[in-house]
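Q: Just so it is clear, I am handing over query.pdb, which has PDB, C-alpha atoms and all ligand atoms.
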```
ATOM      1  CA  MET T 457       8.406  22.097 -12.731
ATOM      2  CA  ALA T 458       8.426  18.924 -10.576
ATOM      3  CA  TRP T 459       8.257  21.113  -7.499
ATOM      4  CA  ARG T 460       5.211  22.902  -8.899
ATOM      5  CA  ARG T 461       3.450  19.600  -9.570
ATOM      6  CA  GLU T 462       4.154  18.427  -6.009
ATOM      7  CA  GLU T 463       2.898  21.682  -4.606
ATOM      8  CA  ALA T 464      -0.287  21.350  -6.688
ATOM      9  CA  TYR T 465      -0.948  17.854  -5.259
ATOM     10  CA  ARG T 466      -0.233  19.113  -1.764
ATOM     11  CA  ARG T 467      -2.688  21.984  -2.197
ATOM     12  CA  MET T 468      -5.311  19.681  -3.707
ATOM     13  CA  ALA T 469      -4.905  17.241  -0.788
ATOM     14  CA  ARG T 470      -5.435  20.052   1.696
ATOM     15  CA  LYS T 471      -8.485  21.302  -0.187
ATOM     16  CA  MET T 472     -10.039  17.829  -0.394
ATOM     17  CA  GLY T 473      -9.292  17.020   3.238
ATOM     18  CA  TYR T 474      -6.772  14.225   2.605
ATOM     19  CA  ARG T 475      -4.197  13.589   5.307
ATOM     20  CA  ALA T 476      -1.404  13.056   2.782
ATOM     21  CA  ARG T 477      -0.879  13.884  -0.870
ATOM     22  CA  SER T 478      -0.004  10.214  -1.425
ATOM     23  CA  ALA T 479      -3.805   9.730  -1.427
ATOM     24  CA  PHE T 480      -3.719  10.678  -5.119
ATOM     25  CA  LYS T 481      -1.319   7.837  -5.925
ATOM     26  CA  LEU T 482      -3.831   5.309  -4.632
ATOM     27  CA  LYS T 483      -6.727   7.069  -6.369
ATOM     28  CA  GLN T 484      -4.863   6.941  -9.689
ATOM     29  CA  LEU T 485      -3.737   3.322  -9.315
ATOM     30  CA  SER T 486      -7.115   2.135  -8.099
ATOM     31  CA  SER T 487      -8.912   3.675 -11.029
ATOM     32  CA  ARG T 488      -6.297   2.408 -13.510
ATOM     33  CA  TYR T 489      -6.467  -1.206 -12.242
ATOM     34  CA  SER T 490      -9.953  -1.371 -10.604
ATOM     35  CA  LEU T 491      -8.360  -2.221  -7.271
ATOM     36  CA  LEU T 492     -10.947  -1.151  -4.733
ATOM     37  CA  ARG T 493     -14.649  -2.018  -4.862
ATOM     38  CA  ARG T 494     -17.714  -1.494  -2.677
ATOM     39  CA  GLY T 495     -17.967  -3.806   0.300
ATOM     40  CA  GLU T 496     -14.355  -5.012   0.226
ATOM     41  CA  VAL T 497     -12.097  -5.661   3.216
ATOM     42  CA  VAL T 498      -8.799  -3.763   2.899
ATOM     43  CA  VAL T 499      -5.570  -4.033   4.896
ATOM     44  CA  ASP T 500      -3.270  -1.023   4.498
ATOM     45  CA  LEU T 501       0.335  -1.552   5.673
ATOM     46  CA  GLY T 502       2.528   1.443   6.519
ATOM     47  CA  ALA T 503      -0.639   3.510   6.597
ATOM     48  CA  ALA T 504       0.172   6.588   8.742
ATOM     49  CA  PRO T 505      -1.081   9.298   8.644
ATOM     50  CA  GLY T 506      -4.018   7.653   6.809
ATOM     51  CA  GLY T 507      -4.374   9.267   3.358
ATOM     52  CA  TRP T 508      -4.680   5.884   1.617
ATOM     53  CA  MET T 509      -7.129   4.754   4.284
ATOM     54  CA  GLN T 510      -9.365   7.730   3.462
ATOM     55  CA  VAL T 511      -9.348   6.803  -0.234
ATOM     56  CA  ALA T 512      -9.961   3.129   0.574
ATOM     57  CA  ARG T 513     -12.912   4.054   2.818
ATOM     58  CA  GLU T 514     -14.420   6.201   0.055
ATOM     59  CA  GLU T 515     -14.185   3.334  -2.396
ATOM     60  CA  VAL T 516     -15.340   0.413  -0.208
ATOM     61  CA  GLY T 517     -18.130   2.493   1.347
ATOM     62  CA  GLY T 518     -20.044   1.798   4.540
ATOM     63  CA  GLU T 519     -20.325  -1.967   3.930
ATOM     64  CA  GLY T 520     -16.579  -2.458   3.526
ATOM     65  CA  PHE T 521     -13.826  -2.487   6.143
ATOM     66  CA  VAL T 522     -10.421  -0.779   6.270
ATOM     67  CA  LEU T 523      -7.630  -1.664   8.691
ATOM     68  CA  GLY T 524      -4.497   0.517   8.746
ATOM     69  CA  VAL T 525      -1.268  -0.720  10.343
ATOM     70  CA  ASP T 526       1.823   1.346  11.109
ATOM     71  CA  LEU T 527       4.780   1.633  13.489
ATOM     72  CA  GLN T 528       3.481   5.090  14.280
ATOM     73  CA  PRO T 529       0.048   5.861  15.708
ATOM     74  CA  ILE T 530      -2.501   6.669  12.966
ATOM     75  CA  PRO T 531      -4.935   9.422  14.010
ATOM     76  CA  PRO T 532      -8.321   7.727  14.516
ATOM     77  CA  PHE T 533     -11.248   7.810  12.070
ATOM     78  CA  ARG T 534     -14.851   8.654  12.871
ATOM     79  CA  GLU T 535     -16.229   5.797  10.753
ATOM     80  CA  SER T 536     -16.709   2.574  12.703
ATOM     81  CA  ASN T 537     -15.562   0.441   9.754
ATOM     82  CA  VAL T 538     -12.115   2.100   9.635
ATOM     83  CA  ARG T 539      -9.698   0.823  12.270
ATOM     84  CA  THR T 540      -6.060   1.441  13.083
ATOM     85  CA  LEU T 541      -3.426  -0.773  14.602
ATOM     86  CA  LEU T 542       0.091  -0.161  15.924
ATOM     87  CA  GLY T 543       2.303  -2.841  14.450
ATOM     88  CA  ASP T 544       5.566  -3.652  12.740
ATOM     89  CA  LEU T 545       5.163  -5.455   9.453
ATOM     90  CA  LEU T 546       8.603  -7.016   9.908
ATOM     91  CA  ASP T 547       7.429  -8.727  13.098
ATOM     92  CA  PRO T 548       6.152 -12.272  12.388
ATOM     93  CA  SER T 549       3.412 -11.949  15.052
ATOM     94  CA  THR T 550       1.777  -9.035  13.163
ATOM     95  CA  ALA T 551      -0.111 -11.378  10.801
ATOM     96  CA  GLU T 552      -2.108 -12.900  13.675
ATOM     97  CA  LEU T 553      -2.710  -9.456  15.147
ATOM     98  CA  ILE T 554      -4.102  -8.228  11.807
ATOM     99  CA  LEU T 555      -6.294 -11.313  11.342
ATOM    100  CA  SER T 556      -7.751 -10.864  14.818
ATOM    101  CA  HIS T 557      -8.978  -7.383  13.797
ATOM    102  CA  LEU T 558     -10.544  -8.358  10.446
ATOM    103  CA  PRO T 559     -14.166  -9.435   9.897
ATOM    104  CA  ARG T 560     -12.819 -11.987   7.335
ATOM    105  CA  LYS T 561      -9.735 -12.416   5.168
ATOM    106  CA  ALA T 562      -8.842  -9.313   3.166
ATOM    107  CA  ASP T 563      -9.910  -8.757  -0.439
ATOM    108  CA  VAL T 564      -7.136  -6.199  -0.912
ATOM    109  CA  LEU T 565      -3.693  -5.789   0.663
ATOM    110  CA  LEU T 566      -2.040  -2.377   0.263
ATOM    111  CA  SER T 567       1.464  -1.382   1.311
ATOM    112  CA  ASP T 568       2.903   2.103   0.986
ATOM    113  CA  ALA T 569       5.445   1.331   3.724
ATOM    114  CA  SER T 570       8.734   3.218   3.353
ATOM    115  CA  PRO T 571      11.895   3.031   5.408
ATOM    116  CA  ARG T 572      13.172   6.168   7.104
ATOM    117  CA  ILE T 573      15.254   7.621   4.265
ATOM    118  CA  SER T 574      19.006   7.597   5.030
ATOM    119  CA  GLY T 575      20.005   9.235   1.768
ATOM    120  CA  VAL T 576      22.252   6.294   0.853
ATOM    121  CA  ARG T 577      20.458   4.876  -2.152
ATOM    122  CA  GLU T 578      21.561   1.234  -1.717
ATOM    123  CA  VAL T 579      20.636   1.201   1.985
ATOM    124  CA  ASP T 580      17.213   2.746   1.394
ATOM    125  CA  GLN T 581      16.531   0.396  -1.493
ATOM    126  CA  ALA T 582      17.473  -2.702   0.552
ATOM    127  CA  ARG T 583      15.195  -1.584   3.401
ATOM    128  CA  SER T 584      12.330  -0.865   1.018
ATOM    129  CA  LEU T 585      12.753  -4.327  -0.476
ATOM    130  CA  GLU T 586      12.668  -5.861   2.994
ATOM    131  CA  LEU T 587       9.341  -4.114   3.672
ATOM    132  CA  ALA T 588       7.897  -5.198   0.315
ATOM    133  CA  GLU T 589       8.916  -8.814   0.996
ATOM    134  CA  ALA T 590       7.330  -8.635   4.444
ATOM    135  CA  ALA T 591       4.110  -7.329   2.861
ATOM    136  CA  LEU T 592       4.100 -10.262   0.427
ATOM    137  CA  ARG T 593       4.647 -12.702   3.317
ATOM    138  CA  LEU T 594       1.730 -11.102   5.161
ATOM    139  CA  ALA T 595      -0.454 -11.640   2.079
ATOM    140  CA  GLU T 596       0.057 -15.371   2.591
ATOM    141  CA  LYS T 597      -1.748 -15.107   5.923
ATOM    142  CA  VAL T 598      -4.277 -12.324   5.528
ATOM    143  CA  LEU T 599      -5.269 -12.168   1.819
ATOM    144  CA  ARG T 600      -8.047 -14.363   0.432
ATOM    145  CA  GLU T 601      -7.564 -16.554  -2.642
ATOM    146  CA  GLY T 602      -8.308 -14.393  -5.699
ATOM    147  CA  GLY T 603      -7.519 -11.186  -3.765
ATOM    148  CA  LYS T 604      -5.614  -8.111  -4.941
ATOM    149  CA  ALA T 605      -2.432  -6.384  -3.762
ATOM    150  CA  LEU T 606      -0.604  -3.116  -4.305
ATOM    151  CA  ILE T 607       2.904  -2.905  -2.856
ATOM    152  CA  LYS T 608       5.393  -0.058  -3.034
ATOM    153  CA  VAL T 609       9.048  -0.872  -3.601
ATOM    154  CA  PHE T 610      12.114   1.149  -4.573
ATOM    155  CA  GLN T 611      13.748   0.270  -7.879
ATOM    156  CA  GLY T 612      17.232  -1.222  -7.735
ATOM    157  CA  GLU T 613      19.049  -4.408  -6.876
ATOM    158  CA  GLY T 614      16.800  -7.271  -5.826
ATOM    159  CA  LEU T 615      13.670  -5.893  -7.477
ATOM    160  CA  GLU T 616      13.695  -8.561 -10.202
ATOM    161  CA  ASP T 617      13.831 -11.356  -7.581
ATOM    162  CA  PHE T 618      10.964  -9.755  -5.712
ATOM    163  CA  LEU T 619       8.946  -9.491  -8.929
ATOM    164  CA  ARG T 620       9.619 -13.139  -9.708
ATOM    165  CA  ASP T 621       8.148 -14.138  -6.325
ATOM    166  CA  PHE T 622       5.268 -11.719  -6.739
ATOM    167  CA  ARG T 623       4.382 -13.006 -10.222
ATOM    168  CA  LYS T 624       4.195 -16.601  -8.954
ATOM    169  CA  ARG T 625       1.453 -15.542  -6.562
ATOM    170  CA  PHE T 626      -0.852 -13.502  -8.817
ATOM    171  CA  GLU T 627      -2.604 -14.239 -12.102
ATOM    172  CA  PHE T 628      -2.218 -10.625 -13.266
ATOM    173  CA  THR T 629       0.713  -8.376 -12.325
ATOM    174  CA  LYS T 630       1.926  -4.946 -13.369
ATOM    175  CA  VAL T 631       4.633  -2.521 -12.243
ATOM    176  CA  SER T 632       3.309   1.012 -12.321
ATOM    177  CA  LYS T 633       4.274   4.567 -11.436
ATOM    178  CA  PRO T 634       1.252   6.826 -10.995
ATOM    179  CA  PRO T 635       1.388  10.462 -12.158
ATOM    180  CA  ALA T 636       1.284  11.652  -8.507
ATOM    181  CA  SER T 637       4.580   9.851  -7.777
ATOM    182  CA  ARG T 638       7.577  12.167  -8.145
ATOM    183  CA  LYS T 639       9.429  11.459 -11.401
ATOM    184  CA  GLY T 640      12.825  11.438  -9.677
ATOM    185  CA  SER T 641      11.804   9.106  -6.845
ATOM    186  CA  ALA T 642      12.862   5.461  -6.971
ATOM    187  CA  GLU T 643       9.436   4.195  -5.921
ATOM    188  CA  VAL T 644       7.255   2.013  -8.113
ATOM    189  CA  TYR T 645       4.021   0.203  -7.280
ATOM    190  CA  VAL T 646       3.538  -3.480  -7.946
ATOM    191  CA  VAL T 647      -0.052  -4.466  -8.664
ATOM    192  CA  GLY T 648      -1.331  -8.018  -8.383
ATOM    193  CA  LYS T 649      -4.778  -9.495  -9.023
ATOM    194  CA  GLY T 650      -6.008 -13.039  -8.648
ATOM    195  CA  TYR T 651      -3.964 -14.130  -5.623
ATOM    196  CA  ARG T 652      -3.043 -17.810  -5.372
ATOM    197  CA  ARG T 653      -1.575 -19.155  -2.160
ATOM    198  CA  LEU T 654       1.529 -21.258  -2.802
ATOM    199  CA  THR T 655       1.586 -23.111   0.511
ATOM    200  CA  PRO T 656      -1.351 -25.429   1.285
TER
HETATM  201  C1  LIG N   1       4.873   7.081   2.911
HETATM  202  S1  LIG N   1       4.279   6.722   4.528
HETATM  203  C2  LIG N   1       2.657   6.101   4.201
HETATM  204  C3  LIG N   1       1.658   7.158   3.779
HETATM  205  C4  LIG N   1       0.247   6.628   3.717
HETATM  206  N1  LIG N   1       0.066   5.710   2.594
HETATM  207  C5  LIG N   1      -0.771   7.732   3.598
HETATM  208  O1  LIG N   1      -1.354   7.894   2.508
HETATM  209  O2  LIG N   1      -1.008   8.428   4.595
HETATM  210  C6  LIG N   1       5.181   5.263   4.952
HETATM  211  C7  LIG N   1       4.857   4.678   6.301
HETATM  212  O3  LIG N   1       5.489   3.407   6.432
HETATM  213  C8  LIG N   1       5.639   3.181   7.823
HETATM  214  N2  LIG N   1       6.542   2.047   8.105
HETATM  215  C9  LIG N   1       7.868   1.963   7.845
HETATM  216  N3  LIG N   1       8.370   0.800   8.296
HETATM  217  C10 LIG N   1       7.330   0.120   8.843
HETATM  218  C11 LIG N   1       7.203  -1.155   9.482
HETATM  219  N4  LIG N   1       8.285  -1.965   9.644
HETATM  220  N5  LIG N   1       6.000  -1.539   9.938
HETATM  221  C12 LIG N   1       4.924  -0.724   9.794
HETATM  222  N6  LIG N   1       4.972   0.490   9.202
HETATM  223  C13 LIG N   1       6.158   0.916   8.722
HETATM  224  C14 LIG N   1       6.168   4.518   8.318
HETATM  225  O4  LIG N   1       5.991   4.637   9.720
HETATM  226  C15 LIG N   1       5.326   5.500   7.504
HETATM  227  O5  LIG N   1       4.234   5.968   8.234
END
```
Would you encode the structure as structure tokens?
A:
Amino acid sequence: MAWRREEAYRRMARKMGYRARSAFKLKQLSSRYSLLRRGEVVVDLGAAPGGWMQVAREEVGGEGFVLGVDLQPIPPFRESNVRTLLGDLLDPSTAELILSHLPRKADVLLSDASPRISGVREVDQARSLELAEAALRLAEKVLREGGKALIKVFQGEGLEDFLRDFRKRFEFTKVSKPPASRKGSAEVYVVGKGYRRLTP
């Protein structure tokens, strides 16, 4: 049953020209929480091969801007307002690199970054948490006051501490699992709106 659902998303992604079936997760979350709007500047962390970037570009349109960052090269886009960057979100110098490629601070920060899965649940969860924390630290530098964020994290130990930090920084927060996310997978998506910077 789950396999059939996955296969259906995969087929739909191919038919609609999306680079990854994860595109549907962002579509579902964005429509549920009104995350992406026309003209917005979006930073997408852990963005390869670029499925989320395609959805973000559709939603922000020609007046917006989308920057995708990944350890792996992201195949380029034809649109001049969609850019890609090789970068490690765990590297403290990545924030400056991102800022230097943005027209202004981001309205939306997305992170679908995942560790390479080892199969050992605790190890994978700790690495996912590390990536989610790095994404939240990057928000401090690249997200505008009042901005929005969507960060993937695996459920497990440490999630509550992460959520506590996350909730301090956003007026509205929600933990969500979109229908396109496999039921058995540990991933959840943390949504934040109304960003407030804690440090002056
Ligand atoms: C599930 S994929 C993202 C799929 C993407 N949202 C899409 O729709 O095409 C997770 C990505 O996180 C990236 N990643 C993992 N660790 C990273 C890091 N430290 N810095 C940047 N990217 C990272 C991986 O290279 C991988 O491409």
Q: For stretch 621-633 of chain T, please output as a ChimeraX atom specification all residues within 9 Å (counting all atoms listed in the file; exclusion window: fewer than 2 positions along the same chain).
A: /T:481,485,592,602-605,616-619,635-639,643-654
Q: Between T:Ser556, T:Ser536, T:Ser570, T:Gln484, which has the minimum distance to ligand LIG 1 (chain N) (counting only C-alpha atoms and all ligand atoms)?
A: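 Of the candidates, the smallest distance to ligand LIG 1 (chain N) is held by T:Ser570.
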Q: Which residue gives the smallest distance to ligand LIG 1 (chain N) among T:Ala503, T:Ala591, T:Val522, T:Ala582, with all atoms listed in the file counted?
A: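 Closest candidate: T:Ala503.
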Q: Could you report the residues within 10 Å of ligand LIG 1 (chain N), using all atoms listed in the file, as number ranges by chain?
A: T: 474-482, 500-511, 524-530, 541-547, 550, 566-573, 583-584, 586-588, 590-591, 608
Q: State, in Å with one decimal place, the distance from atom CA of T:Ile554 to atom CA of T:Arg593.
A: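 Rounded to one decimal, the two atoms are 13.0 Å apart.
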Q: Do you have the atom CA of T:Gly612-atom CA of T:Gln581 distance handy?
A: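 Separating atom CA of T:Gly612 from atom CA of T:Gln581 is a distance of 6.5 Å.
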Q: I'd like the residues picked by the PyMOL selection byres (((chain T and resi 521) around 9) and not hetatm) written out as a tab-separated table (two decimals) with C-alpha atoms, in the frame of the given file, using the chain letters and numbers from the file.
A:
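Output file selection_39.tsv follows:
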```tsv
chain	number	residue	atom	x	y	z
T	495	GLY	CA	-17.97	-3.81	0.30
T	496	GLU	CA	-14.36	-5.01	0.23
T	497	VAL	CA	-12.10	-5.66	3.22
T	498	VAL	CA	-8.80	-3.76	2.90
T	499	VAL	CA	-5.57	-4.03	4.90
T	512	ALA	CA	-9.96	3.13	0.57
T	513	ARG	CA	-12.91	4.05	2.82
T	516	VAL	CA	-15.34	0.41	-0.21
T	517	GLY	CA	-18.13	2.49	1.35
T	518	GLY	CA	-20.04	1.80	4.54
T	519	GLU	CA	-20.32	-1.97	3.93
T	520	GLY	CA	-16.58	-2.46	3.53
T	522	VAL	CA	-10.42	-0.78	6.27
T	523	LEU	CA	-7.63	-1.66	8.69
T	536	SER	CA	-16.71	2.57	12.70
T	537	ASN	CA	-15.56	0.44	9.75
T	538	VAL	CA	-12.12	2.10	9.64
T	539	ARG	CA	-9.70	0.82	12.27
T	558	LEU	CA	-10.54	-8.36	10.45
T	559	PRO	CA	-14.17	-9.44	9.90
T	562	ALA	CA	-8.84	-9.31	3.17
```
Q: In Å, how far is it from atom CA of T:Lys483 to atom CA of T:Thr540?
A: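 It comes out at 20.3 Å.
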Q: Which of these residues is nearest to T:Leu555, using all atoms listed in the file: T:Leu594, T:Leu491, T:Leu615, T:Val576?
A: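 Looking only at the distances to T:Leu555, the closest residue turns out to be T:Leu594.
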